[in-house]
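Engineer: Let me begin by handing over the structure; questions about it come next.
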Amino acid sequence: MYPRNFEYVAVESIDEAVEALSSSEFAKVMSGGMSLIPMMKLRLLSPETVVDIGRVGGLDQITDNGDHVSIGGLVRHRDIAVSELVPQALRQAASWTGDPQVRNRGTTCGAVAHADLAADQTAAVLALGATMVVQGPSGTREVLADDWFVDTMTSALEPDEILTEIRIPQRAGGTAYDKLGRRGGHTDYAVAGVAAWVAKDNGSISDCRIALTGVGSKPTLASGAVEALIGTDGSESAIADAAARATEDVTVLEDLYGSEEYKAHLAGVYVKRAVTQALAAAG
Amino acid sequence: MRGSILGAAVKRAEDPRFVRGEGRYIDDMRVEGAVWMACVRSPLAHGRITSIDIDEASRAPGVIGVYTGTDFGAYRMPIPAVGAHESTARPIIASDVVRFAGELVAVVVAESREAASDAASLVWPEFDSLPVVVDPRRAAGQDAPLLFPEAGSNVVVSGGDESEDDPVSGAEVVIGLELENQRVAAIPLEPNNALAIPDDAGNLELWVGTQSVHLARNRIFKTLGLDRDRLRVRVPDMGGGFGAKISPYPEQILCAAIALELGRPVRWQEDRIENLAAMSHGRAQFHKVRLGATAEGRITGLDWNVIADGGAYPLEGAVLAGYTRRMAAGPYDIPAIRFRWRGVVTNTAPTDAYRGAGRPEATMTLERLMDLLAVELDLDPVEIRQRNFITEFPMTTAVGERYDSGAYSDALDLARDLVGYDELRTEQKRRREGNDRFQIGIGVSSYVEVTAPDGRKEWGAVEVTPDEVVVYSGASSHGQGHETTFTQLVADVLGVERDRIRFVQGDTASIAHGGGTMGSRSMQLAGSAVVGAGESVIEKARRIAAHVSEAAVEDIVMLDNGTIGVAGVPDSGRSLFQLAEIAADPANLPDGEEPGLGADHTWVQEAATIPFGTHISVVELDTETGDVRLIRHAACDDCGVIFNRMIVDGQVHGGVAQGAGQALLERVVYDDAGNLQNANLTTYLMPTATNLPLIQIDHTVTPTDQNVLGAKGIGEAGTIGSGPAVVNAVHDAMAPFGVRHLDMPLTSARVWAAIS
C-alpha cells in the first residue's frame, strides 16, 4: 500500500525538529525509517508530518565518555555491530537485527524508541542499564531503561520529544545476547531473546541484569532470575536455578511463532545461554 | 561446421538488464492519460452485502468513478473446475455475498495511484455476517454452513477411483497416515497487475502479468462477452508466477471492463498485502492414506483419500488432486491403488496451481509413508526405496500414467554418494550415543514428476530477415530464461550466432497460438516447436539456394563455414541472411514457394514426460529449542537431455528453496472467523539465503522418447523432491524422541512440542 499524504520536514538541528514536532497535530520522527515507513505503508500509522532528522549533524557518533559510552541518535545498527566501544550484548543484538539493508539504514535509537516487543537491541539496552537522553520543548531529560519500555510499541517518549542519545554505563563484567529467531537460528525477530550483564567479585556474582524480549508485551527485566544468580558462584546449577525463574516477572504471550509454554521454555534456555556466555566474557 | 552450443552453461541473455534494474515490468510503463484503479476488499470472510456507501469516495479529490457489484457483478468468470455447479462461478466483483476476506467489493478509479488508494478507504460497505467455515474437513461435513446453497454442498467437485475393493486388504503390514499439506502463498517478486489501453475503434490492448497471454485473452473475452479479435493481451518482463499467474484475476478483468467504459487507459498494481490476501494460494490438501506391504517391505497397495481446500471459489485448486492421483505411484511398483478426492469450498482465498500443482502433494505423502514403512520394518530409508523402484520402461502405473523412461536407482545412488550418506549415518550414530544437544537427521526423497501433464501442443516460429533471426514462442518466460535457451536451440539449428537472434513472446498479436509456461512444459514442447520451425527454415533455405544455384536440392547442404550451398563447392555458399534477402523477392523463388524465409511449427506431444530423481537433506536439530537448521541438501534430478546446465541448476535452486520453505516455515494462517493472520512478509515467513545451505547438484541423464529433444521438464522438480527430503530429515532427527509424524511447517515451536 501507499502511505496517506503527509508533510515531510527535513530538519538541520534537534531544536528545529522539536519545534516541528510541537507544531503538528500528529508528527513522527524519522531517523532510518526502517520501522516507520513500513507502518505508514501499511497505514497502521498515518502521521500528518514526518520529521526527518537524518541531516542533523553530530548524531552519528559513538563516543567514549569515561563512565559511559554515548550512542548518538543516528548511529546505525551496523556501526554498533562493529564498534569496539560497545558492549558485546548490544553489538550482538545489532548484528542480528533485520538484514544488511536494514542494518545499514536503521538506527539503534530508532529501534529503542520504536520499542517493538520482539526487537533485539531493546533487551540489550535494558540489561546494560542504559540511560536514554531525550529532548523536548522544555529541554532535555534522562530516562532509565527500566522506566523506558511502557507497553507494546510504547516507550516513555512523549510525542514532542526525540531520543537523541543512549548512554551505556561502562561497568566491569561480561555481557551477552542470544536468541531464537522466527526463521530459525538468529534470523529475524526474536521468538525469545535474552540479554545479560554479569559482574563477578572474588569468584561470586556480585551483580547482574537480565532482560527478555519477544516473550511478553515489552522488553522486561527478569528480576527473579537475577535474584537467583546474585551471590552464587555462577555454577551450572546456579544458572539452571536462574533459568527456572526466567519468566517470573512477565506475562508470557502466545503469538504465531510459539505458545506460552514454548516461549516460557525458550526464555529459560536463553537465560542459561546468555548468562553462560556473559560469565565466560567476565572471566 | 561450428561446434554446437547445446548443453553449454550459456549465461542468461536477460540477466544484464535484470541485475541493472533495466527490466521493463508493467509498473514501469508510462502511458499518457492512464488512470489508476484501487481495490476495496471485504474485511469479512462470509457475509451478505447490505449496502455500499460510495458517496464520500466519489467526491474525493481526483476520483473518476467508484464501481461495485451493481456495475459489474453480473460478469462471472468461466469455472475451470469441471463439474462444479454453475452457481459457483466467480463474479469479477461481489454483488451479493462475499465469501472470503479480501474479495473485491468495490474499486475506485482516480487520476493518480495515491488518490485512488486514499479514496478507497472512504468506501463503506455494510454486511450481514454469515457463518464461516475455514477448515475444509469441516466444510465437507453435513452440518457446515454452505457457501453456495444452490450447489447443495461445499463438496463442489470430486473424482478418482470408484472401486469398492480395498487395495490394502490382506497386506502383512499396513501403515496409516493423516497428513496436512498446508496452504502456502506463491509470492512472486512482482505481484499482480494490469494495464488496459483502449483505442477509439473499440479495441483493447491489455498488458497483464500472466503466464499465458492466450489463456488470459480467452478467459477475459468470454467473461466480458467481447469480440476476441478486439482484445490483444501482452506481457512485458515479468517477475515470477509459480502457477498463481496462470489464470487471469477479477481485478485484471475489471481494468479491461472499466477502460472500455471510460475510453481511457486504466491500470492497477497490487501491493504485497493485497497479494497475500487475494492472489490464489497453493497446496491446501488433507490426506488420509493406508499403505499395505509385505513383511519384506514390498508395497502391495495404496488407499488414498484427499480433501482439497479450493477456497471460496472452485478454481484449479479444487481439482488439482486429479494430478495428485496421477502421481500416486511415485517411482514405485504398486500393484493396486485406490485414490479418491473431493474439492471443497471454504471461506478463504481461492487456491490454484503453485509450483508442482497437486504433484508435490503426492510425493510428500508417499515419501512420508516410505519412511514410516522403513521404521516399521527397521530398514534403511534407502533400502526400502530400492526394493520398490520401478525398473522396466515404458510402463503404465495402477492409476494409468505412462512412464516413459527412468533409472531411479541411479539417481538415488548418485545422491547418496554426493551427500556422503554412509558417513552421515555414522556421525548420526555418534551423536545419538553421545546424547548430543545437536542431533542430525538425514532425509531421503525419491520422486517422479509428470511434466507437460496436459495441453501438450505448442507453437513456435522462426523468421530470418536480411538483418536478424526472430524466434517466436507460444511459451511465456517469466524467469525461466527462454530468451537464452530458445535462442541457443535455434542458433544451433540455423548455424547463426546467438546475438543475431531476437526472441519474441507474450503477445497475442504476434504469437499465433500459445499455451504459455507452466507444468514444466516449455523446453519439451515450445523448445521442440522452435527447433521444428528452425528445421523448416533450413529446408526452405536449401530449396531457395538450389533454385538460385540451379542445383538439385539434395546437393545443397550447410557448408563447413556455416553457409548454405552446393556440397563440395565452398564458394557457392550463401548465408541465411543473404538467402533471406533473395527470398524477399518472389521473382527469385521457385514456383509455389511463398516469399520470405520463415516457418512456423506446431509440436504435439503424445504423452507426458516423467522426470525423476532423489534429494537427500541433512538437518541439525537443537534438542533444547526445537530449532531445525538445514545444513546440507543434495539434489540429483534427471530431466532427460539438458540444454543449459546453468538454467537447469537455477531451477533446482529455486525449487529447493520453495520446497524447504514449505517444509520448515511457510503457512498461510486464517483464524476461525476467516481473518488472515499473516498478510505481510514480516509474519508470513519465507526462507531467505540464511536459511539455506549450499545446494549440491548433480544429474543423471535419461532421455525421453516423447520429443525430438529427449527433454523432460525441470521447473517443478526441485520443489517436488526437496520438501519431503527436508521433512523426512527432521523426522529422522526426532526419531530418538519417538515422534511418528508431524505436519508442516516443522517450526521450532512444533518440533519442540513434539520432542519435549
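Numbering starts fresh at 1 for the residues of each chain in the C-alpha cells, the chains themselves are lettered A, B, ... in the order given, and ligands are numbered from 1 as they appear.
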Do me a favour and pick out the residues of chain B within 9 Å of chain A, using only C-alpha atoms, as a ChimeraX atom specification.
Structural biologist: /B:113-114,117-118,270-274,624-625,627-629,664-665,669,677-678,682-683,685-688,690-691,747-750,752-753
Engineer: Excluding Ala176 of chain A and residues on its chain fewer than 4 positions from it, collect all residues at most 6 Å away from it, counting only C-alpha atoms, and give them as a list in words.
Structural biologist: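 Surrounding residues, per the criterion: Gln88, Ala89, Ala195, Ala196, Ala274, Gln277 and Ala278 of chain A.
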Engineer: So that I have them on file, write out the residues from the current selection with all heavy atoms, as a PDB file, in the first residue's frame.
Structural biologist:
```pdb
ATOM      1  N   GLN A  88      29.403  -6.236  24.270  1.00  0.00           N
ATOM      2  CA  GLN A  88      29.092  -7.368  23.393  1.00  0.00           C
ATOM      3  C   GLN A  88      27.591  -7.606  23.230  1.00  0.00           C
ATOM      4  O   GLN A  88      27.124  -7.897  22.139  1.00  0.00           O
ATOM      5  CB  GLN A  88      29.786  -8.631  23.936  1.00  0.00           C
ATOM      6  CG  GLN A  88      29.485  -9.924  23.215  1.00  0.00           C
ATOM      7  CD  GLN A  88      29.932  -9.913  21.754  1.00  0.00           C
ATOM      8  OE1 GLN A  88      30.729  -9.060  21.334  1.00  0.00           O
ATOM      9  NE2 GLN A  88      29.414 -10.847  20.967  1.00  0.00           N
ATOM     10  N   ALA A  89      26.825  -7.500  24.298  1.00  0.00           N
ATOM     11  CA  ALA A  89      25.386  -7.801  24.212  1.00  0.00           C
ATOM     12  C   ALA A  89      24.714  -6.927  23.148  1.00  0.00           C
ATOM     13  O   ALA A  89      23.921  -7.410  22.343  1.00  0.00           O
ATOM     14  CB  ALA A  89      24.707  -7.596  25.563  1.00  0.00           C
ATOM     15  N   ALA A 195      19.182 -10.846  26.993  1.00  0.00           N
ATOM     16  CA  ALA A 195      20.450 -10.134  27.147  1.00  0.00           C
ATOM     17  C   ALA A 195      20.852 -10.189  28.619  1.00  0.00           C
ATOM     18  O   ALA A 195      19.985 -10.125  29.502  1.00  0.00           O
ATOM     19  CB  ALA A 195      20.287  -8.686  26.702  1.00  0.00           C
ATOM     20  N   ALA A 196      22.142 -10.319  28.855  1.00  0.00           N
ATOM     21  CA  ALA A 196      22.599 -10.411  30.248  1.00  0.00           C
ATOM     22  C   ALA A 196      23.871  -9.610  30.458  1.00  0.00           C
ATOM     23  O   ALA A 196      24.731  -9.523  29.563  1.00  0.00           O
ATOM     24  CB  ALA A 196      22.831 -11.879  30.616  1.00  0.00           C
ATOM     25  N   ALA A 274      22.628 -17.002  27.621  1.00  0.00           N
ATOM     26  CA  ALA A 274      23.173 -15.640  27.701  1.00  0.00           C
ATOM     27  C   ALA A 274      24.029 -15.465  28.950  1.00  0.00           C
ATOM     28  O   ALA A 274      25.116 -14.877  28.887  1.00  0.00           O
ATOM     29  CB  ALA A 274      22.034 -14.620  27.663  1.00  0.00           C
ATOM     30  N   GLN A 277      27.375 -17.254  28.548  1.00  0.00           N
ATOM     31  CA  GLN A 277      28.297 -16.502  27.683  1.00  0.00           C
ATOM     32  C   GLN A 277      28.813 -15.237  28.382  1.00  0.00           C
ATOM     33  O   GLN A 277      29.993 -14.881  28.253  1.00  0.00           O
ATOM     34  CB  GLN A 277      27.601 -16.104  26.384  1.00  0.00           C
ATOM     35  CG  GLN A 277      27.288 -17.283  25.459  1.00  0.00           C
ATOM     36  CD  GLN A 277      26.320 -16.886  24.334  1.00  0.00           C
ATOM     37  OE1 GLN A 277      26.562 -15.932  23.607  1.00  0.00           O
ATOM     38  NE2 GLN A 277      25.232 -17.609  24.212  1.00  0.00           N
ATOM     39  N   ALA A 278      27.917 -14.570  29.115  1.00  0.00           N
ATOM     40  CA  ALA A 278      28.326 -13.339  29.816  1.00  0.00           C
ATOM     41  C   ALA A 278      29.361 -13.658  30.887  1.00  0.00           C
ATOM     42  O   ALA A 278      30.347 -12.931  31.066  1.00  0.00           O
ATOM     43  CB  ALA A 278      27.108 -12.658  30.424  1.00  0.00           C
TER      44      ALA A 278
END
```
Engineer: Pick out the residues sitting within 9 Å of Ala8 of chain B, and hand them over as JSON, numbers by chain; count only C-alpha atoms, and ignore anything fewer than 5 positions along from it in its own chain.
Structural biologist: {"B": [642, 643, 644, 645, 646]}
Engineer: DSSP on the backbone: what in segment 142-257 of chain A comes out strand (DSSP E), as number ranges by chain?
Structural biologist: A: 142-144, 149-151, 154-155, 162-169, 174-181, 190-201, 204-213, 220-221
Engineer: Could you jot down the atom CA of Val450 of chain B to atom CA of Ile610 of chain B separation for me, Å, one decimal place?
Structural biologist: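 These atoms are spaced 4.9 Å apart.
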Engineer: Just how far from atom CA of Leu576 of chain B is atom CA of Leu589 of chain B, in Å to one decimal?
Structural biologist: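 So the answer is 14.9 Å.
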